[in-house]
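Novice: Structure supplied as protein.txt; contents: compact mmCIF, C-alpha atoms and all ligand atoms.
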```txt
# COMPACT_ATOMS: atom_id res chain seq x y z
CA MET D 1 0.00 0.00 0.00
CA MET D 2 2.81 2.36 1.03
CA GLU D 3 4.68 1.65 -2.22
CA ARG D 4 2.11 3.81 -4.00
CA TRP D 5 3.93 6.80 -2.52
CA VAL D 6 7.45 5.49 -1.92
CA PRO D 7 8.62 2.46 -3.93
CA SER D 8 9.48 -0.60 -1.89
CA GLY D 9 13.17 -1.17 -2.62
CA SER D 10 14.69 -3.49 -0.05
CA SER D 11 14.18 -7.04 1.14
CA TYR D 12 12.62 -5.78 4.39
CA ALA D 13 10.66 -2.74 3.13
CA GLY D 14 7.49 -4.84 2.92
CA ASP D 15 7.81 -5.89 6.59
CA VAL D 16 8.10 -2.27 7.71
CA ASP D 17 5.14 -1.27 5.52
CA GLY D 18 3.11 -4.14 6.96
CA LEU D 19 3.88 -2.97 10.47
CA ILE D 20 2.89 0.63 9.70
CA LEU D 21 -0.34 -0.64 8.15
CA LEU D 22 -1.09 -2.83 11.17
CA VAL D 23 -0.57 0.10 13.59
CA SER D 24 -2.66 2.41 11.37
CA VAL D 25 -5.56 -0.03 11.15
CA LEU D 26 -5.66 -0.97 14.85
CA VAL D 27 -5.14 2.57 16.15
CA GLY D 28 -7.40 3.99 13.42
CA PHE D 29 -10.20 1.60 14.36
CA TRP D 30 -10.21 2.81 17.98
CA PHE D 31 -9.84 6.41 16.89
CA PHE D 32 -13.01 6.27 14.80
CA VAL D 33 -14.93 4.24 17.41
CA ALA D 34 -13.96 6.69 20.20
CA GLN D 35 -14.73 9.77 18.11
CA GLY D 36 -18.04 8.29 16.95
CA ILE D 37 -19.18 7.54 20.50
CA PHE D 38 -17.90 10.91 21.69
CA PHE D 39 -19.94 12.90 19.16
CA TRP D 40 -22.96 10.62 19.58
CA LEU D 41 -22.92 11.26 23.36
CA ILE D 42 -22.64 15.02 22.79
CA PHE D 43 -25.66 14.84 20.50
CA ARG D 44 -27.69 12.34 22.56
CA PHE D 45 -27.25 14.16 25.88
CA ARG D 46 -27.39 17.74 24.62
CA ALA D 47 -29.24 20.31 26.71
CA ARG D 48 -32.98 19.98 26.23
CA GLU D 49 -35.94 21.86 27.55
CA GLY D 50 -37.39 20.21 30.67
CA VAL D 51 -34.70 17.50 31.00
CA PRO D 52 -32.54 18.03 34.09
CA ALA D 53 -28.79 17.33 33.86
CA GLN D 54 -27.59 14.12 35.54
CA TYR D 55 -24.64 14.25 37.87
CA LEU D 56 -22.26 11.32 37.39
CA THR D 57 -19.21 10.88 39.61
CA GLY D 58 -17.67 8.40 37.16
CA LYS D 59 -17.53 5.72 39.85
CA GLU D 60 -20.86 4.09 38.99
CA LYS D 61 -20.47 0.53 37.72
CA HIS D 62 -22.42 1.08 34.51
CA VAL D 63 -20.25 4.12 33.73
CA LYS D 64 -16.93 2.46 34.60
CA ARG D 65 -17.71 -0.37 32.19
CA TRP D 66 -17.31 2.10 29.32
CA ILE D 67 -13.71 2.55 30.41
CA ASN D 68 -12.78 -0.92 31.60
CA ILE D 69 -14.01 -3.00 28.67
CA PRO D 70 -12.38 -0.90 25.89
CA HIS D 71 -9.27 -0.70 28.08
CA VAL D 72 -8.87 -4.50 28.03
CA PHE D 73 -9.37 -4.58 24.25
CA ILE D 74 -6.85 -1.80 23.67
CA ILE D 75 -4.25 -3.59 25.79
CA MET D 76 -4.84 -6.76 23.74
CA PHE D 77 -4.36 -4.76 20.53
CA ASP D 78 -1.20 -3.22 22.02
CA VAL D 79 0.21 -6.68 22.66
CA VAL D 80 -0.39 -7.55 18.99
CA ILE D 81 1.39 -4.34 17.85
CA ILE D 82 4.33 -4.87 20.22
CA ALA D 83 4.76 -8.52 19.18
CA ALA D 84 4.71 -7.57 15.47
CA ALA D 85 7.12 -4.67 16.08
CA ILE D 86 9.61 -6.85 17.97
CA LYS D 87 9.51 -9.45 15.20
CA VAL D 88 10.32 -6.85 12.51
CA TRP D 89 12.94 -5.15 14.74
CA VAL D 90 14.77 -8.43 15.33
CA GLU D 91 14.74 -9.29 11.61
CA ILE D 92 16.15 -5.91 10.57
CA LYS D 93 18.22 -4.61 13.46
CA GLN D 94 19.31 -7.63 15.47
CA LYS D 95 20.09 -10.12 12.73
CA LEU D 96 22.96 -9.40 10.39
CA PRO D 97 22.86 -11.62 7.31
CA PRO D 98 26.29 -12.34 5.77
CA ALA D 99 27.45 -9.53 3.51
CA ASP D 100 28.27 -9.80 -0.17
CA GLU D 101 29.87 -6.38 0.05
CA GLN D 102 30.50 -3.53 2.49
CA VAL D 103 30.20 0.23 2.14
CA ARG D 104 31.33 2.91 4.55
CA VAL D 105 28.89 5.77 5.16
CA VAL D 106 30.23 8.87 6.89
CA GLY D 107 28.03 11.76 7.95
CA GLN D 108 29.37 15.22 8.67
CA GLN D 109 27.95 18.74 8.65
CA TRP D 110 26.48 18.65 5.97
CA VAL D 111 27.47 15.99 3.54
CA TRP D 112 27.45 12.22 3.21
CA THR D 113 30.68 10.57 2.17
CA PHE D 114 30.50 7.06 0.77
CA VAL D 115 33.40 4.66 0.44
CA HIS D 116 32.75 1.87 -2.05
CA PRO D 117 34.93 -1.18 -2.52
CA GLY D 118 36.64 -1.25 -5.88
CA ALA D 119 37.05 -4.19 -8.25
CA ASP D 120 38.50 -6.35 -5.45
CA ARG D 121 35.12 -6.00 -3.62
CA LYS D 122 36.96 -5.25 -0.39
CA LEU D 123 36.89 -2.07 1.67
CA ASP D 124 40.01 -0.28 2.89
CA THR D 125 42.12 -1.24 -0.09
CA PRO D 126 43.78 1.19 -2.53
CA ASP D 127 41.08 0.81 -5.18
CA ASP D 128 38.24 2.08 -2.94
CA ILE D 129 36.00 4.64 -4.61
CA VAL D 130 35.05 7.67 -2.52
CA THR D 131 32.07 9.85 -3.44
CA SER D 132 30.09 12.67 -1.88
CA ASP D 133 26.31 12.37 -1.65
CA ASP D 134 26.07 9.55 -4.25
CA LEU D 135 25.98 5.93 -3.13
CA HIS D 136 26.27 3.25 -5.80
CA VAL D 137 25.10 -0.29 -5.10
CA GLU D 138 24.13 -3.41 -6.96
CA VAL D 139 20.61 -4.83 -6.90
CA GLY D 140 20.13 -8.18 -5.16
CA LYS D 141 23.36 -8.02 -3.14
CA THR D 142 23.40 -7.93 0.65
CA TYR D 143 25.36 -4.93 1.89
CA HIS D 144 26.71 -4.14 5.30
CA PHE D 145 27.03 -0.42 5.85
CA LEU D 146 29.57 0.85 8.37
CA LEU D 147 28.03 4.08 9.58
CA GLU D 148 30.15 6.80 11.16
CA SER D 149 29.91 10.48 11.98
CA LYS D 150 32.73 13.02 12.01
CA ASP D 151 31.04 15.60 14.21
CA VAL D 152 27.49 15.43 15.57
CA LEU D 153 24.55 13.01 15.50
CA HIS D 154 23.18 12.37 12.02
CA SER D 155 20.71 9.79 10.81
CA PHE D 156 21.24 7.82 7.61
CA SER D 157 17.79 7.57 6.09
CA VAL D 158 16.93 5.78 2.84
CA PRO D 159 13.14 5.92 2.50
CA VAL D 160 13.04 3.51 -0.45
CA PHE D 161 14.64 0.85 1.81
CA ARG D 162 12.55 1.87 4.87
CA LEU D 163 15.94 2.24 6.53
CA LYS D 164 16.89 4.79 9.16
CA GLN D 165 19.91 4.52 11.41
CA ASP D 166 21.51 7.11 13.67
CA ALA D 167 25.18 7.93 13.16
CA VAL D 168 27.01 8.56 16.43
CA PRO D 169 30.42 10.27 16.60
CA GLY D 170 33.08 7.88 17.88
CA ARG D 171 31.18 4.77 16.93
CA THR D 172 30.97 2.59 13.84
CA ILE D 173 27.46 1.20 13.58
CA THR D 174 27.00 -1.78 11.29
CA GLY D 175 23.67 -2.38 9.59
CA TRP D 176 22.52 -4.02 6.40
CA PHE D 177 20.24 -3.75 3.40
CA LYS D 178 19.52 -5.73 0.27
CA PRO D 179 18.23 -3.62 -2.65
CA THR D 180 15.46 -5.26 -4.65
CA LEU D 181 14.90 -2.77 -7.46
CA THR D 182 17.02 -0.57 -9.67
CA GLY D 183 16.91 3.20 -10.06
CA SER D 184 17.99 6.37 -8.25
CA TYR D 185 16.35 7.35 -4.98
CA ASP D 186 16.70 9.84 -2.15
CA ILE D 187 19.00 9.63 0.83
CA GLN D 188 18.41 12.10 3.62
CA CYS D 189 19.68 13.02 7.05
CA ALA D 190 16.85 12.40 9.48
CA GLU D 191 18.38 13.98 12.56
CA ILE D 192 18.52 17.74 13.11
CA CYS D 193 22.28 18.25 12.87
CA GLY D 194 22.71 21.98 12.48
CA ILE D 195 21.80 24.85 10.18
CA GLY D 196 22.48 22.87 6.98
CA HIS D 197 20.53 19.79 8.05
CA GLY D 198 17.85 20.40 5.42
CA VAL D 199 20.35 20.27 2.56
CA MET D 200 22.14 17.14 3.81
CA ASN D 201 20.68 14.89 1.17
CA GLY D 202 22.07 12.45 -1.35
CA ARG D 203 21.09 9.85 -3.90
CA ILE D 204 21.37 6.11 -3.95
CA HIS D 205 21.90 4.57 -7.37
CA ILE D 206 20.92 0.91 -7.56
CA ALA D 207 22.16 -0.76 -10.71
CA SER D 208 22.23 -4.21 -12.27
CA ALA D 209 25.40 -6.25 -11.81
CA ALA D 210 26.75 -5.29 -15.26
CA GLU D 211 25.97 -1.59 -14.86
CA HIS D 212 27.45 -1.48 -11.38
CA GLN D 213 30.56 -3.25 -12.60
CA ALA D 214 30.92 -0.69 -15.37
CA TRP D 215 30.57 2.16 -12.85
CA VAL D 216 33.25 0.61 -10.61
CA GLN D 217 35.64 0.27 -13.55
CA GLU D 218 34.97 3.78 -14.78
CA HIS D 219 35.63 5.28 -11.35
CA ALA D 220 38.57 3.13 -10.32
CA PRO D 221 41.19 5.45 -8.86
CA THR D 222 44.33 5.81 -10.92
CA ALA D 223 47.47 4.21 -9.57
CA ASP D 224 48.80 7.66 -8.58
CA ALA D 225 45.65 8.63 -6.73
CA ALA D 226 45.53 5.27 -5.01
CA ALA D 227 49.15 5.67 -3.90
CA GLY D 228 48.36 9.17 -2.66
CA ALA D 229 45.45 7.89 -0.62
CA GLN D 230 47.67 5.47 1.27
CU CU R 301 22.91 15.41 9.37
```
Write out the structure in this file as structure tokens.
Ligand SMILES: [Cu+2]

Specialist:
Amino acid sequence: MMERWVPSGSSYAGDVDGLILLVSVLVGFWFFVAQGIFFWLIFRFRAREGVPAQYLTGKEKHVKRWINIPHVFIIMFDVVIIAAAIKVWVEIKQKLPPADEQVRVVGQQWVWTFVHPGADRKLDTPDDIVTSDDLHVEVGKTYHFLLESKDVLHSFSVPVFRLKQDAVPGRTITGWFKPTLTGSYDIQCAEICGIGHGVMNGRIHIASAAEHQAWVQEHAPTADAAAGAQ
């Protein structure tokens, strides 16, 4: 349903969408029931000529029932939401499927720096490809991202993946994603990180294996640049 507005582009995007839908439906149901009863009571017990107002303390049994019974139902619904949320959380944030490739993502005021492995498919080797604000990945591959910050808190947000992860200075946070469709999509910073926060955006480019390979070859650092980077 959500993919009507934001395409669903990772292996777990559907799980997150399902969770948002579940919360919306369960909370929405009680919202409309509560509002309906609320306005009905206002209408039903409006001031009328010759009808004296009743005084209710709220402690009468027949009045308390209106609180206690919905309360039990809402707690049951809460348990369903919490169970579903924990399941999705564990799948995305606690489990770390083996990586096909790694990328380093560094946030700083106000730019994202991405370090891609070169042709050797390994990070921290001389053929790494460094870019600003453009992340290049291959569809269908499982990536580990190593998320860092150079200054303040940032949040690496890729709506198409339904991924959002805080970047904390002094820490390297490892997470993962597996792109499931090709194209170019937004990256944003989702944590107020200073005056330029609003312009701290980027693009993720998800390509087929052949296209990604071509991009890697085209952007391979020259031997001189690679030596300089050492
Ligand atoms: Cu930021």

Novice: From the options D:Ala84, D:Val139, D:Leu147, D:Cys189, which residue's atoms come nearest to D:Pro169, counting all atoms listed in the file?

Specialist: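 Selected residue with least distance to D:Pro169: D:Leu147.
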
Novice: For stretch 197-207 of chain D, find every residue with an atom within 12 Å (counting only C-alpha atoms), except residues of its own chain fewer than 6 positions away, and show them as a PyMOL selection string.

Specialist: chain D and resi 9-10+105-114+131-141+143+152-161+177-191+213-216

Novice: So which one's closest to ligand CU 301 (chain R), D:Val168, D:Ala209, D:Ile67, D:Val25? Using all atoms listed in the file, please.

Specialist: D:Val168

Novice: Please list as JSON, numbers by chain every residue within 8 Å of D:Leu146, counting all atoms listed in the file and excluding residues in the same chain fewer than 4 positions away.

Specialist: {"D": [102, 103, 104, 105, 172, 173, 174, 175]}

Novice: Find the residues around D:Pro98 up to 10 Å (all atoms listed in the file counted), leave out those fewer than 5 positions away in its own chain, and share them as number ranges by chain.

Specialist: D: 142-144, 176

Novice: Pick the closest to ligand CU 301 (chain R) from D:Ala220, D:Phe73, D:Ile195, D:Ala210: which is it, counting all atoms listed in the file?

Specialist: D:Ile195

Novice: Enter the distance from atom CA of D:Val23 to atom CA of D:Pro97, in Å, rounded to one decimal.

Specialist: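 Separation of atom CA of D:Val23 and atom CA of D:Pro97: 26.9 Å.
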
Novice: Can you tell me how far atom CA of D:Trp40 sits from atom CA of D:Ala53, in Å to one decimal?

Specialist: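 Distance between the two atoms: 16.8 Å.
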
Novice: Would you work out the distance separating atom CA of D:Thr125 from atom CA of D:Ala99, expressed in Å to one decimal?

Specialist: 17.2 Å
